[in-house]
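Q: Quick one: the structure is below, and I'll ask about it shortly.
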Amino acid sequence: MKPSDLALLRVPSDPTLSPDGRRVVVAVQRTDLEADAYRSELWLAATDGSAPPRRLTNGPRDSRPRFSPDGRWVAFLRAGDDTPAQLHLLPADGGESRRLTDAPLGAGDHAWSPDSTRLVYVARVPEPGRYGTDDDVPADKEPPRRITTRKYRLDDLGFIIDRRAHVFVVAASGDGDAGVAKPVQLTSGDVDASAPVFSPDGTHVAFVSARHPGRDADLLTDVFVTPATGGDVRRVTDTSSVVGAAAFTPDGATLYLLALSHPDLAGRSTVVAAVPVDGSAPPRVLTDVEAYSFDGYGTGSATPLLVDEDSLTTLAQRRGALELVRVPLDASDPQVVVGGRRQVLAADRTAGVTALVVATDTSAGELVVVDGDGGERTLSDFGGALARATSLRPMVELDTTAPDGYPVHGWVVKPAGSGPFPVLLAIHGGPQTQYGWDLFDEAQVYAGAGYAVVLGNPRGSAGYGESHARAVVGDMGNRDVADLLALLDAALTDADLDGDRVGVMGGSYGGFMTTWLVGHDDRFRAAISERAVNAWDSFTGSSDIGWLFTDAYCGTDPQRQREQSPLTYADAITTPMLIIHSEHDWRCPVEQGQRLFERLLRNGVPAELLLFPGEGHELSRSGLPSHRVARFEAILDWWRRHLGGAAV
């Protein structure tokens with residue numbers, strides 16, 4: 001795979017089934033290198049496999065399809081190249097789509113009412129005079145923002161204190177001006193709301209929000225319920241956890257929750273819980289923190305919450321896989337519905353049919369249907385063009401042990417042919433994320449250029465239980481380092497891997513680990529530290545999450561923060577380093593890279609700073625296509641200069 005092959009990637013998301021289970025609609029994203037933009041359209045397939053999927057819409061950016069409960073409509077979000085996403089309705093039997101909303105900053109999460117007459121959605125409401133709401137006030141001449149809260153901005157979004165996210169209900173009839181119905185705003189105030197869903201009888205809406213007095217100093221959120229026509233907002237949960245989403249049981253008496261097991265954030269599992277809608281009891285946790293973490297972060301789809309009379313089915317991380325798991329309401333043992341060495345990225349279920357988006361180490365995702373007897377049928381070939389044009393390389397699983405006897409799990413992606421190949425130790429971000437059984441474009445590009453890529457999930461990662469994830473709390477650069485180096489040493493026993501030509505790279509927490517490793521070990525020929533945390537003192541005040549993340553993972557003691565900062569050991573670095581950062585990164589702000597770059601230059605260490613304009617923390621995953629290609633080319637050039645390897 002080459003950088004330009006990003007144009008061949010097709011990434012499906014958010015499958016939605018018709019009520020009879022006979023049809024499924026899915027959004028498919030592609031990268032348009034000529035236009036330097038992402039495109040996405042909706043595709044329709046028959047679940048019996050009688051015909052290949054066909055394109056249903058022409059975009060330019062269509063996403064989040066949802067069949068109406070009566071099967072007559074598909075609601076979806078459509079954005080233009082220069083206009084925000086708005087809710088649209090498409091007749092399920094064919095025809096032109098119709099726009100439902102005219103939100104100034106666009107619409108987001110949405111769900112149908114049970115009778116198919118209304119939709120609930122989230123939209124940010126701008127303060128008057130900001131974000132283009134007054135044509136006479138350009139952005140650079142807006143008045144200053146008076147900031148009195150820690151939570152005033154988010155990476156990849158911007159300021160939030162002057163555009164709060166609120167819940168609206170809109171009629172599907174579109175009987176307002178120009179076919180756009182007038183929505184009813186259900187929430188208000190200087191707070192955000194998310195994840196709205198109708199009750200089974202359609203009379204109420206549940207949503208997630210932080211409305212307690214101490215919300216600026218913690219991450220706690222609650223589930224609230226309000227009449228679907230507007231009125232009082234009632235809290236259901238007890239402000240004891242971080243709730244991400246909720247779903248009603250069919251009788252409307254209980255809400256399932258996805259929530260962190262503990263509000264302190266660091267290394268905590270996401271559990272399934274249940275709470276009475278009337279608030280008569282606190283949430284009851286249904287799952288074990290060591291067995292499962294129900295977190296579908298990074299899949300590109302909304303987290304599925306598939307409810308029946310006595311269970312919730314959703315996604316769980318495990319050893320690099322994403323499994324579809326059924327959790328009984330009675331707290332008996334969960335059951336894996338779809339598992340294996342792959343990742344279930346999205347799911348929908350109705351009429352005895354389950355539709356999935358399933359990824360593997362050589363596929364970014366295909367549309368798969370599971371029928372009532374458990375048989376699987378793949379409906380799509382979205383990855384065919386990439387597979388035919390490239391030589392995608394499989395992930396070879398690797399198990400070893402750290403010096404203290406702890407088990408370490410990872411993979412090697414090797415180039416085609418025979419070695420010895422130069423080696424890249426690639427470290428994921430988080431730290432509570434996981435490498436796993438999906439198509440990782442970076443590993444494929446590096447393997448395509450002749451490098452063997454070592455990937456691992458050291459202590460601190462997700463997918464191996466809460467104790468594994470919390471093993472680095474207050475002690476980064478110790479057990480995680482031991483695990484990574486043990487995995488690298490195990491990989492290097494393969495004669496195809498050249499132990500004399502090894503580089504290390506990573507982004508975010510992986511950038512932290514890269515800087516840390518070269519400050520403590522001279523074994524690497526070169527390094528690439530990207531969007532890293534290098535110094536906790538300045539990260540605390542400059543990052544959008546710095547205050548809470550630093551406290552959770554390092555604590556508040558300044559001396560301990562210095563001991564845990566890679567920058568503290570920068571004077572010991574002799575390894576040539578490429579530092580990659582983005583100008584608008586508010587998660588790990590650019591000063592984190594600049595401070596390291598200046599120290600290396602001062603010490604005479606070969607160093608370069610690659611700085612991307614207009615990008616945030618998500619550059620490598622969703623930045624401008626031209627920037628993603630330029631990033632790949634710069635990385636390959638760096639490794640070619642320092643490790644050798646095949647030409648691009």
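In the structure tokens, the first chain shown is A, the next is B, and so on; residue numbers restart at 1 for each chain, and ligands run from 1 in the order shown.
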Do you know which residues are at most 10 Å from segment 400-405 of chain A counting only C-alpha atoms, after dropping those on the same chain fewer than 4 positions away, and could you put them as a ChimeraX atom specification?
A: /A:409-410,458,479-491
Q: Those selected residues, please, written with N, CA and C atoms and delivered as a short mmCIF file (atom, residue, chain, number, x, y, z; two decimals), in the first residue's frame.
A:
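Output contents, as saved in part06.cif:
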data_model
loop_
_atom_site.label_atom_id
_atom_site.label_comp_id
_atom_site.auth_asym_id
_atom_site.auth_seq_id
_atom_site.Cartn_x
_atom_site.Cartn_y
_atom_site.Cartn_z
N HIS A 409 0.96 -9.03 24.52
CA HIS A 409 0.28 -9.45 23.29
C HIS A 409 0.46 -8.39 22.21
N GLY A 410 0.73 -8.85 21.00
CA GLY A 410 0.87 -7.90 19.90
C GLY A 410 0.92 -8.61 18.57
N PRO A 458 0.58 -2.86 25.30
CA PRO A 458 1.22 -3.00 26.61
C PRO A 458 0.25 -2.66 27.74
N ARG A 479 6.12 -0.13 33.46
CA ARG A 479 5.61 -1.42 32.99
C ARG A 479 5.28 -1.39 31.50
N ASP A 480 4.78 -0.26 31.02
CA ASP A 480 4.47 -0.18 29.59
C ASP A 480 5.74 -0.28 28.75
N VAL A 481 6.83 0.34 29.21
CA VAL A 481 8.11 0.23 28.52
C VAL A 481 8.59 -1.22 28.53
N ALA A 482 8.50 -1.87 29.67
CA ALA A 482 8.94 -3.26 29.77
C ALA A 482 8.18 -4.15 28.80
N ASP A 483 6.87 -3.91 28.68
CA ASP A 483 6.06 -4.72 27.77
C ASP A 483 6.44 -4.47 26.32
N LEU A 484 6.60 -3.21 25.94
CA LEU A 484 6.92 -2.88 24.55
C LEU A 484 8.28 -3.44 24.14
N LEU A 485 9.27 -3.31 25.01
CA LEU A 485 10.60 -3.80 24.67
C LEU A 485 10.64 -5.32 24.65
N ALA A 486 9.85 -5.95 25.51
CA ALA A 486 9.76 -7.42 25.47
C ALA A 486 9.14 -7.87 24.16
N LEU A 487 8.12 -7.17 23.71
CA LEU A 487 7.48 -7.52 22.45
C LEU A 487 8.44 -7.31 21.28
N LEU A 488 9.17 -6.19 21.30
CA LEU A 488 10.14 -5.93 20.25
C LEU A 488 11.22 -7.01 20.22
N ASP A 489 11.74 -7.37 21.39
CA ASP A 489 12.77 -8.40 21.44
C ASP A 489 12.25 -9.74 20.92
N ALA A 490 11.00 -10.05 21.24
CA ALA A 490 10.42 -11.30 20.74
C ALA A 490 10.28 -11.26 19.23
N ALA A 491 9.87 -10.12 18.69
CA ALA A 491 9.73 -9.99 17.25
C ALA A 491 11.08 -10.13 16.55
#
Q: Write out as a list in words each polymer residue whose atoms come within 7 Å of segment 621-638 of chain A, counting only C-alpha atoms; drop sequence neighbours fewer than 2 positions from it.
A: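 Contacts, with the query itself left out: Pro3, Ser4, Thr31, Leu33, Asp36, Ala37, Glu615, Glu618, Leu619, Arg640, Arg641 and His642 of chain A.
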Q: Could you turn the residues from that selection into a file that holds N, CA and C atoms, as a CSV table (one decimal), in the first residue's frame?
A:
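File written: again_31.csv
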chain,number,residue,atom,x,y,z
A,3,PRO,N,1.0,5.7,0.0
A,3,PRO,CA,0.1,6.8,0.4
A,3,PRO,C,-1.0,7.2,-0.5
A,4,SER,N,-0.8,7.2,-1.8
A,4,SER,CA,-1.8,7.5,-2.7
A,4,SER,C,-3.0,6.5,-2.8
A,31,THR,N,-12.0,8.6,0.0
A,31,THR,CA,-11.1,9.8,0.0
A,31,THR,C,-10.9,10.2,-1.4
A,33,LEU,N,-8.7,12.4,-3.5
A,33,LEU,CA,-7.5,13.1,-3.5
A,33,LEU,C,-7.5,14.3,-4.4
A,36,ASP,N,-9.3,16.9,-2.7
A,36,ASP,CA,-8.7,17.1,-1.4
A,36,ASP,C,-9.9,17.1,-0.3
A,37,ALA,N,-10.7,16.1,-0.4
A,37,ALA,CA,-11.9,16.1,0.5
A,37,ALA,C,-12.4,14.6,0.7
A,615,GLU,N,-4.7,21.9,11.1
A,615,GLU,CA,-5.0,20.6,11.5
A,615,GLU,C,-5.1,20.5,13.0
A,618,GLU,N,-6.4,15.0,15.2
A,618,GLU,CA,-6.9,13.9,14.4
A,618,GLU,C,-6.3,13.8,13.0
A,619,LEU,N,-5.2,14.6,12.8
A,619,LEU,CA,-4.6,14.7,11.4
A,619,LEU,C,-4.4,13.4,10.8
A,640,ARG,N,13.7,6.3,5.4
A,640,ARG,CA,14.6,5.9,4.3
A,640,ARG,C,16.0,6.5,4.6
A,641,ARG,N,16.0,7.7,5.1
A,641,ARG,CA,17.3,8.3,5.4
A,641,ARG,C,18.0,7.7,6.6
A,642,HIS,N,17.3,7.2,7.5
A,642,HIS,CA,17.9,6.7,8.8
A,642,HIS,C,17.9,5.2,8.9
Q: If we count only C-alpha atoms and set the cut-off at 8 Å, which residues sit around Val412 of chain A, ignoring sequence neighbours fewer than 6 positions away in its own chain? Please answer as a VMD selection string.
A: chain A and resid 395 to 398 452 to 455 491
Q: From segment 14-164 of chain A, collect each residue whose DSSP state is strand (DSSP E) and return the set as a ChimeraX atom specification.
A: /A:14-17,23-32,37-46,54-55,61-67,73-79,86-91,98-99,107-112,118-126,153-154,158-159,163-164
Q: Identify which of the residues A:Pro589, A:Gly230, A:Gly49, A:Pro183 lies closest to Thr101 of chain A, counting only C-alpha atoms when measuring atom-to-atom distances.
A: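 With only C-alpha atoms as the atom set, the closest residue is A:Pro183.
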Q: So, counting only C-alpha atoms, which residue among A:Glu608, A:Asp544, A:Asp399, A:Asp381 is closest to Arg587 of chain A?
A: A:Asp544
Q: Using only C-alpha atoms, pick whichever of A:Val336, A:Val169, A:Leu89, A:Ala347 has the shortest atom-to-atom distance to Ala123 of chain A.
A: A:Val169
Q: Contacts of Glu41 of chain A at 7 Å or less, counting only C-alpha atoms, minus same-chain residues fewer than 6 places along, as a PyMOL selection string?
A: chain A and resi 27-29+57-62
Q: Do you know which residues are at most 10 Å from Thr303 of chain A counting only C-alpha atoms, after dropping those on the same chain fewer than 3 positions away, and could you put them as a PyMOL selection string?
A: chain A and resi 14+244-245+258+294-300+306+314-315+345-347
Q: Take atom CA of Val368 of chain A and atom CA of Gly340 of chain A and report the distance between them in Å, one decimal.
A: 14.1 Å
Q: As a ChimeraX atom specification, please: the residues near Pro415 of chain A (cut-off 8 Å, only C-alpha atoms, same-chain neighbours under 5 positions excluded).
A: /A:393,421,447-452
Q: Could those residues be written to a file, using C-alpha atoms, as a PDB file, in the first residue's frame?
A:
ATOM      1  CA  ARG A 393      -0.094  -7.753   4.508  1.00  0.00           C
ATOM      2  CA  PHE A 421      13.763  -5.865   6.899  1.00  0.00           C
ATOM      3  CA  ALA A 447       5.110  -2.592   5.204  1.00  0.00           C
ATOM      4  CA  GLY A 448       4.540  -1.631   1.577  1.00  0.00           C
ATOM      5  CA  ALA A 449       7.698   0.483   1.752  1.00  0.00           C
ATOM      6  CA  GLY A 450       9.741  -2.413   3.088  1.00  0.00           C
ATOM      7  CA  TYR A 451       9.513  -2.051   6.882  1.00  0.00           C
ATOM      8  CA  ALA A 452       8.394  -4.699   9.360  1.00  0.00           C
TER       9      ALA A 452
END
Q: Applying 9 Å and only C-alpha atoms, which residues near Arg54 of chain A remain after dropping the ones on its own chain fewer than 5 positions away? List them as a PyMOL selection string.
A: chain A and resi 42-45
Q: So the first atom is atom CA of Tyr121 of chain A and the second is atom CA of Phe168 of chain A; what is the distance between them in Å, to one decimal place?
A: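 Distance reported for this atom pair: 5.4 Å.
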Q: Please return, as an NGL selection string, all residues of segment 400-453 of chain A that DSSP assigns to alpha helix (DSSP H) on the basis of the backbone.
A: :A and (441-448)
Q: Please produce a file of those selected residues containing C-alpha atoms, as a PDB file, in the first residue's frame.
A:
ATOM      1  CA  ASP A 441      -3.423   2.048   6.989  1.00  0.00           C
ATOM      2  CA  GLU A 442      -0.163   3.113   8.637  1.00  0.00           C
ATOM      3  CA  ALA A 443       1.127  -0.426   9.117  1.00  0.00           C
ATOM      4  CA  GLN A 444       0.175  -1.283   5.535  1.00  0.00           C
ATOM      5  CA  VAL A 445       1.940   1.776   4.086  1.00  0.00           C
ATOM      6  CA  TYR A 446       5.109   1.114   6.078  1.00  0.00           C
ATOM      7  CA  ALA A 447       5.110  -2.592   5.204  1.00  0.00           C
ATOM      8  CA  GLY A 448       4.540  -1.631   1.577  1.00  0.00           C
TER       9      GLY A 448
END
Q: So, with only C-alpha atoms as the atoms that count, which of A:Val24, A:Val242, A:Val225, A:Val180 lies closest to Leu255 of chain A?
A: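 Result for the nearest residue to Leu255 of chain A: A:Val225.
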Q: Between atom CA of Gly507 of chain A and atom CA of Gln561 of chain A, what is the spacing in Å?
A: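 Between atom CA of Gln561 of chain A and atom CA of Gly507 of chain A the gap works out to 20.0 Å.
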